[in-house]
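Trainee: Next comes the structure file entry.cif, holding mmCIF, C-alpha atoms.
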data_my_file
#
loop_
_atom_site.group_PDB
_atom_site.id
_atom_site.type_symbol
_atom_site.label_atom_id
_atom_site.label_comp_id
_atom_site.auth_asym_id
_atom_site.auth_seq_id
_atom_site.Cartn_x
_atom_site.Cartn_y
_atom_site.Cartn_z
ATOM 1 C CA MET A 1 0.000 0.000 0.000
ATOM 2 C CA SER A 2 1.192 3.467 -0.812
ATOM 3 C CA GLY A 3 -0.106 6.525 0.971
ATOM 4 C CA PHE A 4 0.321 10.249 1.207
ATOM 5 C CA ARG A 5 1.168 10.088 4.892
ATOM 6 C CA THR A 6 3.693 7.276 4.545
ATOM 7 C CA ASP A 7 5.337 8.026 1.200
ATOM 8 C CA ILE A 8 5.079 11.777 0.687
ATOM 9 C CA LEU A 9 4.873 13.621 4.008
ATOM 10 C CA PRO A 10 8.142 12.226 5.423
ATOM 11 C CA HIS A 11 9.999 14.243 2.764
ATOM 12 C CA ARG A 12 8.547 17.578 3.889
ATOM 13 C CA ASP A 13 11.523 18.970 5.855
ATOM 14 C CA ARG A 14 14.097 18.014 3.252
ATOM 15 C CA LEU A 15 11.987 19.636 0.520
ATOM 16 C CA TYR A 16 11.437 22.683 2.706
ATOM 17 C CA ARG A 17 15.185 23.146 3.220
ATOM 18 C CA LEU A 18 15.779 22.768 -0.490
ATOM 19 C CA ALA A 19 13.160 25.409 -1.285
ATOM 20 C CA LEU A 20 14.484 27.650 1.486
ATOM 21 C CA ALA A 21 18.048 27.393 0.224
ATOM 22 C CA ILE A 22 16.920 28.462 -3.229
ATOM 23 C CA THR A 23 14.347 31.123 -2.381
ATOM 24 C CA LEU A 24 15.706 32.493 0.926
ATOM 25 C CA ASP A 25 12.106 33.052 1.900
ATOM 26 C CA ALA A 26 10.614 30.912 4.667
ATOM 27 C CA ALA A 27 6.994 31.596 3.690
ATOM 28 C CA ALA A 28 7.683 30.969 0.017
ATOM 29 C CA ALA A 29 9.601 27.797 0.872
ATOM 30 C CA GLU A 30 6.613 26.511 2.824
ATOM 31 C CA ASP A 31 4.263 27.298 -0.068
ATOM 32 C CA ILE A 32 6.591 25.556 -2.509
ATOM 33 C CA THR A 33 6.800 22.492 -0.276
ATOM 34 C CA GLN A 34 3.021 22.407 -0.112
ATOM 35 C CA ASP A 35 2.696 22.824 -3.888
ATOM 36 C CA THR A 36 5.222 20.040 -4.421
ATOM 37 C CA MET A 37 3.219 17.650 -2.295
ATOM 38 C CA LEU A 38 -0.085 18.624 -3.859
ATOM 39 C CA ARG A 39 1.372 18.015 -7.312
ATOM 40 C CA ALA A 40 2.592 14.643 -6.157
ATOM 41 C CA TRP A 41 -0.918 13.928 -4.893
ATOM 42 C CA GLU A 42 -2.459 14.936 -8.216
ATOM 43 C CA HIS A 43 -0.187 12.405 -9.917
ATOM 44 C CA ARG A 44 -0.793 9.639 -7.380
ATOM 45 C CA ASP A 45 -1.733 7.176 -10.131
ATOM 46 C CA GLU A 46 1.931 7.277 -11.153
ATOM 47 C CA TRP A 47 3.294 6.372 -7.706
ATOM 48 C CA PRO A 48 3.465 2.613 -8.300
ATOM 49 C CA HIS A 49 5.690 3.274 -11.307
ATOM 50 C CA ILE A 50 8.065 5.686 -9.534
ATOM 51 C CA SER A 51 11.156 3.852 -8.359
ATOM 52 C CA ASN A 52 12.676 6.778 -6.449
ATOM 53 C CA MET A 53 10.058 8.924 -4.751
ATOM 54 C CA GLU A 54 12.673 11.183 -3.124
ATOM 55 C CA ALA A 55 14.294 12.034 -6.459
ATOM 56 C CA TRP A 56 10.904 12.638 -8.052
ATOM 57 C CA LEU A 57 9.761 14.998 -5.297
ATOM 58 C CA THR A 58 13.109 16.789 -5.310
ATOM 59 C CA GLN A 59 12.813 17.405 -9.025
ATOM 60 C CA ILE A 60 9.327 18.909 -8.641
ATOM 61 C CA CYS A 61 10.374 21.041 -5.678
ATOM 62 C CA ARG A 62 13.524 22.340 -7.324
ATOM 63 C CA ARG A 63 11.622 23.302 -10.464
ATOM 64 C CA LEU A 64 8.981 25.162 -8.446
ATOM 65 C CA ALA A 65 11.610 26.909 -6.344
ATOM 66 C CA ILE A 66 13.635 28.000 -9.361
ATOM 67 C CA ASP A 67 10.462 29.265 -11.039
ATOM 68 C CA HIS A 68 9.718 31.264 -7.908
ATOM 69 C CA GLN A 69 13.271 32.536 -7.778
ATOM 70 C CA ARG A 70 13.040 33.760 -11.373
ATOM 71 C CA ARG A 71 9.740 35.512 -10.714
ATOM 72 C CA HIS A 72 11.101 37.222 -7.611
ATOM 73 C CA ARG A 73 14.681 37.707 -8.713
ATOM 74 C CA THR A 74 14.783 41.342 -7.794
ATOM 75 C CA GLU A 75 13.511 40.605 -4.311
ATOM 76 C CA SER A 76 15.869 37.785 -3.479
ATOM 77 C CA ILE A 77 19.103 36.969 -5.241
ATOM 78 C CA ASP A 78 19.662 40.330 -6.841
ATOM 79 C CA ALA A 79 18.831 42.030 -3.589
ATOM 80 C CA ALA A 80 21.233 39.816 -1.655
ATOM 81 C CA PRO A 81 24.668 41.297 -1.199
ATOM 82 C CA HIS A 82 27.133 39.600 -3.502
ATOM 83 C CA LEU A 83 29.965 40.887 -1.391
ATOM 84 C CA ALA A 84 31.872 42.621 -4.096
ATOM 85 C CA ALA A 85 33.601 45.768 -2.858
ATOM 86 C CA THR A 86 30.448 47.801 -3.059
ATOM 87 C CA PRO A 87 28.462 49.850 -0.583
ATOM 88 C CA GLN A 88 26.202 46.828 -0.190
ATOM 89 C CA MET A 89 28.921 45.309 1.943
ATOM 90 C CA GLN A 90 28.273 47.932 4.557
ATOM 91 C CA GLN A 91 24.956 46.272 5.225
ATOM 92 C CA ARG A 92 26.166 43.458 7.395
ATOM 93 C CA PRO A 93 23.274 41.495 8.806
ATOM 94 C CA ASP A 94 22.892 41.199 12.514
ATOM 95 C CA GLU A 95 24.173 37.899 13.875
ATOM 96 C CA ASP A 96 20.656 36.814 14.734
ATOM 97 C CA ASP A 97 19.252 38.007 11.459
ATOM 98 C CA LEU A 98 18.516 34.726 9.740
ATOM 99 C CA PRO A 99 17.133 36.181 6.516
ATOM 100 C CA GLY A 100 20.193 38.402 6.215
ATOM 101 C CA GLN A 101 22.577 35.505 6.822
ATOM 102 C CA LEU A 102 20.724 33.328 4.390
ATOM 103 C CA ALA A 103 20.787 36.062 1.791
ATOM 104 C CA ILE A 104 24.547 36.398 2.109
ATOM 105 C CA ILE A 105 25.185 32.682 1.912
ATOM 106 C CA ALA A 106 22.754 32.165 -0.935
ATOM 107 C CA GLY A 107 24.123 35.097 -2.866
ATOM 108 C CA LEU A 108 27.653 33.760 -2.588
ATOM 109 C CA VAL A 109 26.700 30.212 -3.391
ATOM 110 C CA ALA A 110 24.570 31.270 -6.346
ATOM 111 C CA ASP A 111 27.613 32.975 -7.846
ATOM 112 C CA LEU A 112 29.644 29.765 -7.813
ATOM 113 C CA PRO A 113 30.014 27.894 -11.113
ATOM 114 C CA ASP A 114 28.106 24.645 -11.632
ATOM 115 C CA PRO A 115 28.034 22.108 -10.110
ATOM 116 C CA GLN A 116 29.449 23.785 -7.020
ATOM 117 C CA PRO A 117 26.158 25.319 -5.751
ATOM 118 C CA GLU A 118 24.452 21.917 -5.749
ATOM 119 C CA ILE A 119 27.414 20.231 -4.073
ATOM 120 C CA VAL A 120 27.541 22.918 -1.388
ATOM 121 C CA ARG A 121 23.809 22.530 -0.766
ATOM 122 C CA LEU A 122 23.994 18.748 -0.537
ATOM 123 C CA ARG A 123 26.953 18.880 1.831
ATOM 124 C CA HIS A 124 26.167 21.916 3.972
ATOM 125 C CA ILE A 125 22.394 21.583 4.221
ATOM 126 C CA GLU A 126 21.547 17.968 3.486
ATOM 127 C CA ASP A 127 24.668 16.773 5.301
ATOM 128 C CA LEU A 128 25.427 14.054 2.738
ATOM 129 C CA SER A 129 28.729 12.211 2.545
ATOM 130 C CA TYR A 130 31.118 12.887 -0.329
ATOM 131 C CA HIS A 131 30.274 9.476 -1.720
ATOM 132 C CA ASP A 132 26.498 10.003 -1.606
ATOM 133 C CA ILE A 133 26.887 13.359 -3.344
ATOM 134 C CA ALA A 134 29.040 11.705 -6.003
ATOM 135 C CA LEU A 135 26.419 9.033 -6.586
ATOM 136 C CA ARG A 136 23.642 11.572 -6.800
ATOM 137 C CA LEU A 137 25.435 13.806 -9.283
ATOM 138 C CA GLY A 138 27.189 11.120 -11.297
ATOM 139 C CA LEU A 139 30.654 12.258 -10.244
ATOM 140 C CA THR A 140 33.585 10.570 -8.562
ATOM 141 C CA ASP A 141 34.295 11.145 -4.883
ATOM 142 C CA GLU A 142 37.470 13.009 -5.808
ATOM 143 C CA GLN A 143 35.610 15.280 -8.220
ATOM 144 C CA VAL A 144 33.134 16.143 -5.467
ATOM 145 C CA ARG A 145 35.973 16.997 -3.107
ATOM 146 C CA ALA A 146 37.671 19.114 -5.757
ATOM 147 C CA HIS A 147 34.504 21.093 -6.496
ATOM 148 C CA LEU A 148 33.761 21.530 -2.805
ATOM 149 C CA ARG A 149 37.342 22.641 -2.134
ATOM 150 C CA ARG A 150 37.109 25.339 -4.795
ATOM 151 C CA ALA A 151 33.687 26.424 -3.557
ATOM 152 C CA ARG A 152 34.828 26.705 0.046
ATOM 153 C CA GLN A 153 37.988 28.539 -0.904
ATOM 154 C CA ARG A 154 35.853 31.023 -2.795
ATOM 155 C CA LEU A 155 33.492 31.412 0.166
ATOM 156 C CA ARG A 156 36.447 31.884 2.453
ATOM 157 C CA GLU A 157 37.846 34.675 0.303
ATOM 158 C CA GLN A 158 34.497 36.420 0.250
ATOM 159 C CA PHE A 159 33.906 36.161 3.979
ATOM 160 C CA THR A 160 37.440 37.325 4.683
ATOM 161 C CA LYS A 161 36.847 40.285 2.395
ATOM 162 C CA LEU A 162 33.578 41.031 4.145
ATOM 163 C CA HIS A 163 35.270 40.924 7.514
ATOM 164 C CA ALA A 164 38.167 43.077 6.336
ATOM 165 C CA TYR A 165 35.734 45.845 5.565
ATOM 166 C CA GLY A 166 35.000 45.906 9.250
ATOM 167 C CA LEU A 167 31.659 44.238 8.890
ATOM 168 C CA MET B 1 41.910 27.709 25.424
ATOM 169 C CA SER B 2 44.606 28.389 22.846
ATOM 170 C CA MET B 3 44.877 24.647 22.243
ATOM 171 C CA ASP B 4 41.187 24.533 21.453
ATOM 172 C CA TYR B 5 41.557 27.353 19.002
ATOM 173 C CA THR B 6 44.532 25.659 17.417
ATOM 174 C CA TYR B 7 42.422 22.592 16.941
ATOM 175 C CA ILE B 8 39.604 24.682 15.472
ATOM 176 C CA GLU B 9 42.040 26.446 13.160
ATOM 177 C CA GLN B 10 43.361 23.109 11.971
ATOM 178 C CA LEU B 11 39.869 21.885 11.417
ATOM 179 C CA LEU B 12 39.087 25.041 9.453
ATOM 180 C CA GLU B 13 42.064 24.498 7.173
ATOM 181 C CA ARG B 14 40.926 20.950 6.529
ATOM 182 C CA TYR B 15 37.349 22.182 6.058
ATOM 183 C CA PHE B 16 38.358 24.623 3.328
ATOM 184 C CA ALA B 17 40.404 21.855 1.709
ATOM 185 C CA ALA B 18 37.288 19.612 1.757
ATOM 186 C CA GLU B 19 39.072 17.067 3.910
ATOM 187 C CA THR B 20 36.850 17.145 6.978
ATOM 188 C CA THR B 21 34.370 14.462 7.948
ATOM 189 C CA ARG B 22 30.751 15.349 8.660
ATOM 190 C CA GLU B 23 31.433 14.892 12.376
ATOM 191 C CA GLU B 24 34.283 17.395 12.225
ATOM 192 C CA GLU B 25 32.069 19.841 10.359
ATOM 193 C CA HIS B 26 29.458 19.476 13.108
ATOM 194 C CA ILE B 27 32.167 20.377 15.627
ATOM 195 C CA LEU B 28 32.859 23.547 13.663
ATOM 196 C CA ARG B 29 29.181 24.439 13.579
ATOM 197 C CA GLU B 30 28.905 23.970 17.324
ATOM 198 C CA PHE B 31 31.997 26.055 17.901
ATOM 199 C CA PHE B 32 30.733 28.963 15.819
ATOM 200 C CA ALA B 33 27.290 28.739 17.382
ATOM 201 C CA GLN B 34 28.687 29.960 20.701
ATOM 202 C CA ALA B 35 28.541 33.650 21.513
ATOM 203 C CA ASP B 36 32.218 34.089 22.300
ATOM 204 C CA VAL B 37 34.088 33.433 19.068
ATOM 205 C CA PRO B 38 37.709 34.699 19.015
ATOM 206 C CA SER B 39 38.176 37.757 16.851
ATOM 207 C CA GLY B 40 40.530 35.983 14.450
ATOM 208 C CA LEU B 41 37.812 33.512 13.533
ATOM 209 C CA LYS B 42 34.777 35.778 13.565
ATOM 210 C CA ALA B 43 34.843 36.154 9.786
ATOM 211 C CA TYR B 44 33.576 32.617 9.396
ATOM 212 C CA ALA B 45 30.872 32.726 12.055
ATOM 213 C CA PRO B 46 28.014 33.909 9.779
ATOM 214 C CA MET B 47 28.753 31.142 7.314
ATOM 215 C CA PHE B 48 28.573 28.355 9.875
ATOM 216 C CA ARG B 49 25.619 29.900 11.695
ATOM 217 C CA ALA B 50 23.648 30.145 8.475
ATOM 218 C CA GLU B 51 24.535 26.539 7.671
ATOM 219 C CA THR B 52 23.347 25.456 11.079
ATOM 220 C CA ARG B 53 20.063 27.265 10.789
ATOM 221 C CA LEU B 54 19.418 26.185 7.217
ATOM 222 C CA SER B 55 20.232 22.559 7.892
ATOM 223 C CA SER B 56 17.922 22.479 10.904
ATOM 224 C CA ALA B 57 15.003 24.333 9.310
ATOM 225 C CA CYS B 58 11.809 22.306 9.437
ATOM 226 C CA LEU B 59 8.045 22.594 9.257
ATOM 227 C CA ASP B 60 5.661 21.972 12.122
ATOM 228 C CA GLU B 61 2.713 19.622 12.500
ATOM 229 C CA SER B 62 0.214 22.207 11.322
ATOM 230 C CA PHE B 63 1.717 21.755 7.871
ATOM 231 C CA ASP B 64 0.906 18.034 7.984
ATOM 232 C CA GLU B 65 -2.627 18.703 9.151
ATOM 233 C CA ARG B 66 -3.185 21.204 6.367
ATOM 234 C CA LEU B 67 -1.832 18.845 3.722
ATOM 235 C CA LEU B 68 -3.805 15.888 5.002
ATOM 236 C CA ALA B 69 -6.957 17.996 4.954
ATOM 237 C CA LEU B 70 -6.259 19.057 1.371
ATOM 238 C CA THR B 71 -5.583 15.529 0.190
ATOM 239 C CA GLY B 72 -8.369 13.723 1.996
ATOM 240 C CA GLY B 73 -6.527 12.662 5.117
ATOM 241 C CA GLU B 74 -5.628 9.027 5.475
ATOM 242 C CA HIS B 75 -6.417 8.030 1.951
ATOM 243 C CA VAL B 76 -4.162 5.319 0.680
ATOM 244 C CA LEU B 77 -3.730 4.060 -2.820
ATOM 245 C CA ALA B 78 -3.741 0.335 -3.488
ATOM 246 C CA ARG B 79 -0.998 -0.854 -5.764
ATOM 247 C CA ARG B 80 -2.173 -2.401 -8.999
ATOM 248 C CA ILE B 81 -1.946 -6.187 -8.984
ATOM 249 C CA THR B 82 -2.089 -8.088 -12.235
ATOM 250 C CA LEU B 83 -4.235 -11.198 -12.692
ATOM 251 C CA ARG B 84 -1.073 -13.259 -12.905
ATOM 252 C CA GLN B 85 0.230 -11.885 -9.575
ATOM 253 C CA ARG B 86 -3.156 -12.500 -7.975
ATOM 254 C CA LEU B 87 -3.305 -16.123 -9.186
ATOM 255 C CA ARG B 88 0.359 -16.946 -8.586
ATOM 256 C CA PRO B 89 -0.110 -18.605 -5.146
ATOM 257 C CA MET B 90 -2.931 -20.793 -6.450
ATOM 258 C CA LEU B 91 -0.923 -21.681 -9.527
ATOM 259 C CA ARG B 92 2.002 -22.784 -7.404
ATOM 260 C CA VAL B 93 -0.186 -25.084 -5.334
ATOM 261 C CA ALA B 94 -1.859 -26.467 -8.460
ATOM 262 C CA ALA B 95 1.520 -27.058 -10.091
ATOM 263 C CA MET B 96 2.793 -28.950 -7.051
ATOM 264 C CA VAL B 97 -0.329 -31.110 -6.962
ATOM 265 C CA ALA B 98 0.046 -31.804 -10.671
ATOM 266 C CA VAL B 99 3.686 -32.832 -10.282
ATOM 267 C CA VAL B 100 2.970 -35.110 -7.321
ATOM 268 C CA ALA B 101 0.044 -36.698 -9.132
ATOM 269 C CA ALA B 102 2.099 -37.223 -12.289
ATOM 270 C CA ILE B 103 4.948 -38.833 -10.345
ATOM 271 C CA GLY B 104 2.506 -41.053 -8.501
ATOM 272 C CA SER B 105 0.884 -42.067 -11.738
ATOM 273 C CA ALA B 106 4.240 -42.768 -13.358
ATOM 274 C CA LEU B 107 5.362 -44.919 -10.461
ATOM 275 C CA GLU B 108 2.082 -46.779 -10.508
ATOM 276 C CA HIS B 109 2.449 -47.355 -14.245
ATOM 277 C CA ALA B 110 6.072 -48.489 -13.881
ATOM 278 C CA ALA B 111 5.166 -50.910 -11.111
ATOM 279 C CA GLY B 112 2.498 -52.419 -13.360
ATOM 280 C CA ASN B 113 4.943 -52.891 -16.261
ATOM 281 C CA GLY B 114 7.565 -54.330 -13.938
ATOM 282 C CA ALA B 115 5.172 -56.980 -12.716
ATOM 283 C CA ASP B 116 4.206 -57.900 -16.265
ATOM 284 C CA GLY B 117 7.833 -58.187 -17.456
ATOM 285 C CA LYS B 118 9.145 -60.051 -14.440
ATOM 286 C CA GLY B 119 11.272 -63.065 -15.480
ATOM 287 C CA ALA B 120 11.252 -62.121 -19.196
ATOM 288 C CA PRO B 121 14.452 -62.995 -21.150
ATOM 289 C CA ALA B 122 16.980 -60.271 -21.946
ATOM 290 C CA GLN B 123 16.086 -58.392 -25.132
ATOM 291 C CA THR B 124 18.434 -57.528 -27.976
ATOM 292 C CA ALA B 125 18.712 -53.963 -29.270
ATOM 293 C CA ALA B 126 16.691 -54.873 -32.321
ATOM 294 C CA ALA B 127 13.966 -56.328 -30.183
ATOM 295 C CA VAL B 128 13.851 -53.166 -28.083
ATOM 296 C CA ASP B 129 13.533 -51.009 -31.200
ATOM 297 C CA SER B 130 10.815 -53.262 -32.380
ATOM 298 C CA ASP B 131 8.994 -52.944 -29.078
ATOM 299 C CA TYR B 132 9.152 -49.118 -29.325
ATOM 300 C CA GLU B 133 7.763 -49.176 -32.847
ATOM 301 C CA LEU B 134 4.901 -51.342 -31.763
ATOM 302 C CA PHE B 135 4.314 -49.549 -28.481
ATOM 303 C CA GLU B 136 0.931 -48.009 -27.992
ATOM 304 C CA PRO B 137 0.405 -45.905 -24.916
ATOM 305 C CA ALA B 138 -1.866 -47.410 -22.360
ATOM 306 C CA PRO B 139 -4.994 -45.365 -21.607
ATOM 307 C CA LEU B 140 -4.418 -42.811 -18.882
ATOM 308 C CA ASN B 141 -5.857 -43.507 -15.527
ATOM 309 C CA LYS B 142 -8.076 -40.899 -13.925
ATOM 310 C CA ARG B 143 -5.377 -39.239 -11.733
ATOM 311 C CA SER B 144 -2.963 -38.805 -14.636
ATOM 312 C CA ALA B 145 -5.663 -37.263 -16.812
ATOM 313 C CA GLU B 146 -6.543 -34.788 -14.046
ATOM 314 C CA ALA B 147 -2.888 -33.862 -13.514
ATOM 315 C CA ILE B 148 -2.310 -33.161 -17.186
ATOM 316 C CA ALA B 149 -5.514 -31.148 -17.418
ATOM 317 C CA THR B 150 -4.386 -29.025 -14.456
ATOM 318 C CA ALA B 151 -0.981 -28.437 -16.028
ATOM 319 C CA ASP B 152 -2.651 -27.371 -19.287
ATOM 320 C CA THR B 153 -4.801 -24.905 -17.370
ATOM 321 C CA ILE B 154 -1.714 -23.429 -15.709
ATOM 322 C CA GLN B 155 -0.026 -22.950 -19.073
ATOM 323 C CA LEU B 156 -3.103 -21.211 -20.413
ATOM 324 C CA LEU B 157 -3.250 -18.824 -17.443
ATOM 325 C CA ARG B 158 0.417 -17.974 -17.855
#
Represent the supplied structure as structure tokens.
Mentor:
Amino acid sequence: MSGFRTDILPHRDRLYRLALAITLDAAAAEDITQDTMLRAWEHRDEWPHISNMEAWLTQICRRLAIDHQRRHRTESIDAAPHLAATPQMQQRPDEDDLPGQLAIIAGLVADLPDPQPEIVRLRHIEDLSYHDIALRLGLTDEQVRAHLRRARQRLREQFTKLHAYGL
Amino acid sequence: MSMDYTYIEQLLERYFAAETTREEEHILREFFAQADVPSGLKAYAPMFRAETRLSSACLDESFDERLLALTGGEHVLARRITLRQRLRPMLRVAAMVAVVAAIGSALEHAAGNGADGKGAPAQTAAAVDSDYELFEPAPLNKRSAEAIATADTIQLLR
């Protein structure tokens, strides 16, 4: 037997974090998670033929989140400080300002070349091992480490620059 | 305290080189979650704090209740089962019965032939060939006929 409660709902937090990482908006991330699950429900006749429910839901959620991101680009990514040496850097978020922190992180990560943003998300937010990330993205473990190393070095440079400006 | 910071600094170097384990990265998150981070490391605090908060973000039970209300609550969907899958257990039993009946029938038949041929002289190859040419199958007894009919039915259902 396959049910909404047993097969779909358990994925809610993972989908929510994915949507949150992309949109930087808690309310939007919740709406996207809900829309993802409702779409899955509308296609419930297909469930018996879906071998990997997690991958299927992730695909729906990511598409919805990216669509949302495109529609609200000026309110999210473009509004997030990219930490170039611009006056925007003077706007350091308060330490307890979650939206501000998320905006900084997401802005930096979004600027990384592919597939680094996805690898950073899978490692930093989903807490996956190097090997699991490699399997998911069709890469070798060493390639994952190399991409993550470059991504983290880039993040380090940016945060050091941010801090050097006295922020 | 300086030893702790040295350890953290070493961990950080390994973190940026993508050489840390997940457990070591959790240690870094816990370290940067504390209020009193040394000034030399403060640059990295927002990054680890955001990671911590993003990775622990979750929805509450009201979300579940809302979704269950929208989708009809406890509804479950039965998986589709083909006629073959549904009949498979019965077919297995029928096949076993057919095999046992056929073996029994064969043994019974062999015992009958053995009794008839008891004490007969050894046959030459030519005589054996001749016997095969002239052989006419004996009529099936009732159990054999039933077994074969069951096997035919199984083949048809497959």
Trainee: Do a neighbour search on Glu42 in chain A at 10 Å with only C-alpha atoms, toss out local chain neighbours closer than 5 positions, and write the hits as a list in words.
Mentor: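 That gives Thr36 and Met37 of chain A; Thr71 of chain B.
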Trainee: Convert the current residue selection to file output with C-alpha atoms, as a PDB file, keeping the file's coordinate frame.
Mentor:
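Dumped to part.pdb:
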ATOM      1  CA  THR A  36       5.222  20.040  -4.421  1.00  0.00           C
ATOM      2  CA  MET A  37       3.219  17.650  -2.295  1.00  0.00           C
TER       3      MET A  37
ATOM      4  CA  THR B  71      -5.583  15.529   0.190  1.00  0.00           C
TER       5      THR B  71
END
Trainee: Can you pull out the residues contacting range 29-32 of chain B? Cut-off 7 Å, using only C-alpha atoms, and skip same-chain residues under 2 positions away; I want them as a VMD selection string.
Mentor: chain B and resid 25 to 27 34 37 45 48 to 49 52
Trainee: Counting all atoms listed in the file, which residues of chain A sit at most 8 Å from some atom of chain B, and what is each one's closest atom pair with its distance in Å to one decimal, listed by chain and rising residue number, as JSON lines?
Mentor:
{"residue": "A:Met1", "atom": "CA", "partner": "B:Ala78", "partner_atom": "CA", "distance": 5.1}
{"residue": "A:Ser2", "atom": "CA", "partner": "B:Leu77", "partner_atom": "CA", "distance": 5.3}
{"residue": "A:Gly3", "atom": "CA", "partner": "B:Val76", "partner_atom": "CA", "distance": 4.2}
{"residue": "A:Phe4", "atom": "CA", "partner": "B:Val76", "partner_atom": "CA", "distance": 6.7}
{"residue": "A:Arg5", "atom": "CA", "partner": "B:Glu74", "partner_atom": "CA", "distance": 6.9}
{"residue": "A:Leu9", "atom": "CA", "partner": "B:Asp64", "partner_atom": "CA", "distance": 7.1}
{"residue": "A:Arg12", "atom": "CA", "partner": "B:Leu59", "partner_atom": "CA", "distance": 7.4}
{"residue": "A:Asp13", "atom": "CA", "partner": "B:Cys58", "partner_atom": "CA", "distance": 4.9}
{"residue": "A:Arg14", "atom": "CA", "partner": "B:Cys58", "partner_atom": "CA", "distance": 7.9}
{"residue": "A:Tyr16", "atom": "CA", "partner": "B:Cys58", "partner_atom": "CA", "distance": 6.8}
{"residue": "A:Arg17", "atom": "CA", "partner": "B:Ala57", "partner_atom": "CA", "distance": 6.2}
{"residue": "A:Leu20", "atom": "CA", "partner": "B:Leu54", "partner_atom": "CA", "distance": 7.7}
{"residue": "A:Ala21", "atom": "CA", "partner": "B:Leu54", "partner_atom": "CA", "distance": 7.2}
{"residue": "A:Glu30", "atom": "CA", "partner": "B:Leu59", "partner_atom": "CA", "distance": 7.7}
{"residue": "A:Gln34", "atom": "CA", "partner": "B:Leu67", "partner_atom": "CA", "distance": 7.1}
{"residue": "A:Met37", "atom": "CA", "partner": "B:Leu67", "partner_atom": "CA", "distance": 7.9}
{"residue": "A:Leu38", "atom": "CA", "partner": "B:Thr71", "partner_atom": "CA", "distance": 7.5}
{"residue": "A:Trp41", "atom": "CA", "partner": "B:Thr71", "partner_atom": "CA", "distance": 7.1}
{"residue": "A:Arg44", "atom": "CA", "partner": "B:Leu77", "partner_atom": "CA", "distance": 7.8}
{"residue": "A:Pro48", "atom": "CA", "partner": "B:Arg79", "partner_atom": "CA", "distance": 6.2}
{"residue": "A:Glu95", "atom": "CA", "partner": "B:Pro46", "partner_atom": "CA", "distance": 6.9}
{"residue": "A:Leu98", "atom": "CA", "partner": "B:Ala50", "partner_atom": "CA", "distance": 7.0}
{"residue": "A:Gln101", "atom": "CA", "partner": "B:Ala50", "partner_atom": "CA", "distance": 5.7}
{"residue": "A:Leu102", "atom": "CA", "partner": "B:Ala50", "partner_atom": "CA", "distance": 5.9}
{"residue": "A:Ile105", "atom": "CA", "partner": "B:Met47", "partner_atom": "CA", "distance": 6.7}
{"residue": "A:His124", "atom": "CA", "partner": "B:Glu51", "partner_atom": "CA", "distance": 6.1}
{"residue": "A:Ile125", "atom": "CA", "partner": "B:Ser55", "partner_atom": "CA", "distance": 4.4}
{"residue": "A:Glu126", "atom": "CA", "partner": "B:Ser55", "partner_atom": "CA", "distance": 6.5}
{"residue": "A:Asp127", "atom": "CA", "partner": "B:Arg22", "partner_atom": "CA", "distance": 7.1}
{"residue": "A:Ser129", "atom": "CA", "partner": "B:Arg22", "partner_atom": "CA", "distance": 7.2}
{"residue": "A:Arg145", "atom": "CA", "partner": "B:Ala18", "partner_atom": "CA", "distance": 5.7}
{"residue": "A:Ala146", "atom": "CA", "partner": "B:Ala18", "partner_atom": "CA", "distance": 7.5}
{"residue": "A:Leu148", "atom": "CA", "partner": "B:Ala18", "partner_atom": "CA", "distance": 6.1}
{"residue": "A:Arg149", "atom": "CA", "partner": "B:Ala18", "partner_atom": "CA", "distance": 4.9}
{"residue": "A:Arg152", "atom": "CA", "partner": "B:Phe16", "partner_atom": "CA", "distance": 5.3}
{"residue": "A:Gln153", "atom": "CA", "partner": "B:Phe16", "partner_atom": "CA", "distance": 5.8}
{"residue": "A:Arg156", "atom": "CA", "partner": "B:Tyr44", "partner_atom": "CA", "distance": 7.5}
{"residue": "A:Phe159", "atom": "CA", "partner": "B:Ala43", "partner_atom": "CA", "distance": 5.9}
{"residue": "A:Thr160", "atom": "CA", "partner": "B:Ala43", "partner_atom": "CA", "distance": 5.8}
{"residue": "A:Leu162", "atom": "CA", "partner": "B:Ala43", "partner_atom": "CA", "distance": 7.6}
{"residue": "A:His163", "atom": "CA", "partner": "B:Ala43", "partner_atom": "CA", "distance": 5.3}
Trainee: For CA of Ser39 in chain B and CA of Leu155 in chain A, quote the distance in Å rounded to one decimal.
Mentor: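 A separation of 18.5 Å between them.
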Trainee: State, in Å with one decimal place, the distance from CA of Thr23 in chain A to CA of Arg63 in chain A.
Mentor: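 Rounded to one decimal, the two atoms are 11.6 Å apart.
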Trainee: For a test of reading the model, state the distance in Å between CA of Arg123 in chain A and CA of Cys61 in chain A, rounded to one decimal.
Mentor: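 CA of Cys61 in chain A lies at a distance of 18.3 Å from CA of Arg123 in chain A.
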Trainee: Dump as a VMD selection string all residues having an atom at most 9 Å from (11.1, 26.6, -2.0), computed in the file's coordinates with all atoms listed in the file.
Mentor: chain A and resid 15 to 33 61 to 62 64 to 66 68 to 69
Trainee: Here is a test: counting all atoms listed in the file, which residue of A:Ile50, A:Leu57, A:Leu108, A:Leu135 is nearest to Ile8 in chain A?
Mentor: A:Leu57
Trainee: Please provide the set of residues having any atom within 9 Å of range 52-56 of chain A, restricted to all atoms listed in the file, with same-chain residues fewer than 6 positions apart removed, written as a list of chain:residue names.
Mentor: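 Listed by chain and then number, they are A:Asp7, A:Ile8, A:His11, A:Ala40.
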Trainee: Extending 3 Å beyond the listed atoms of range 16-28 of chain B on each side, what axis-aligned box results? I want centre and edge lengths in Å to one decimal, as JSON.
Mentor:
{"center_x": 34.9, "center_y": 19.5, "center_z": 8.7, "size_x": 16.9, "size_y": 16.2, "size_z": 19.9}
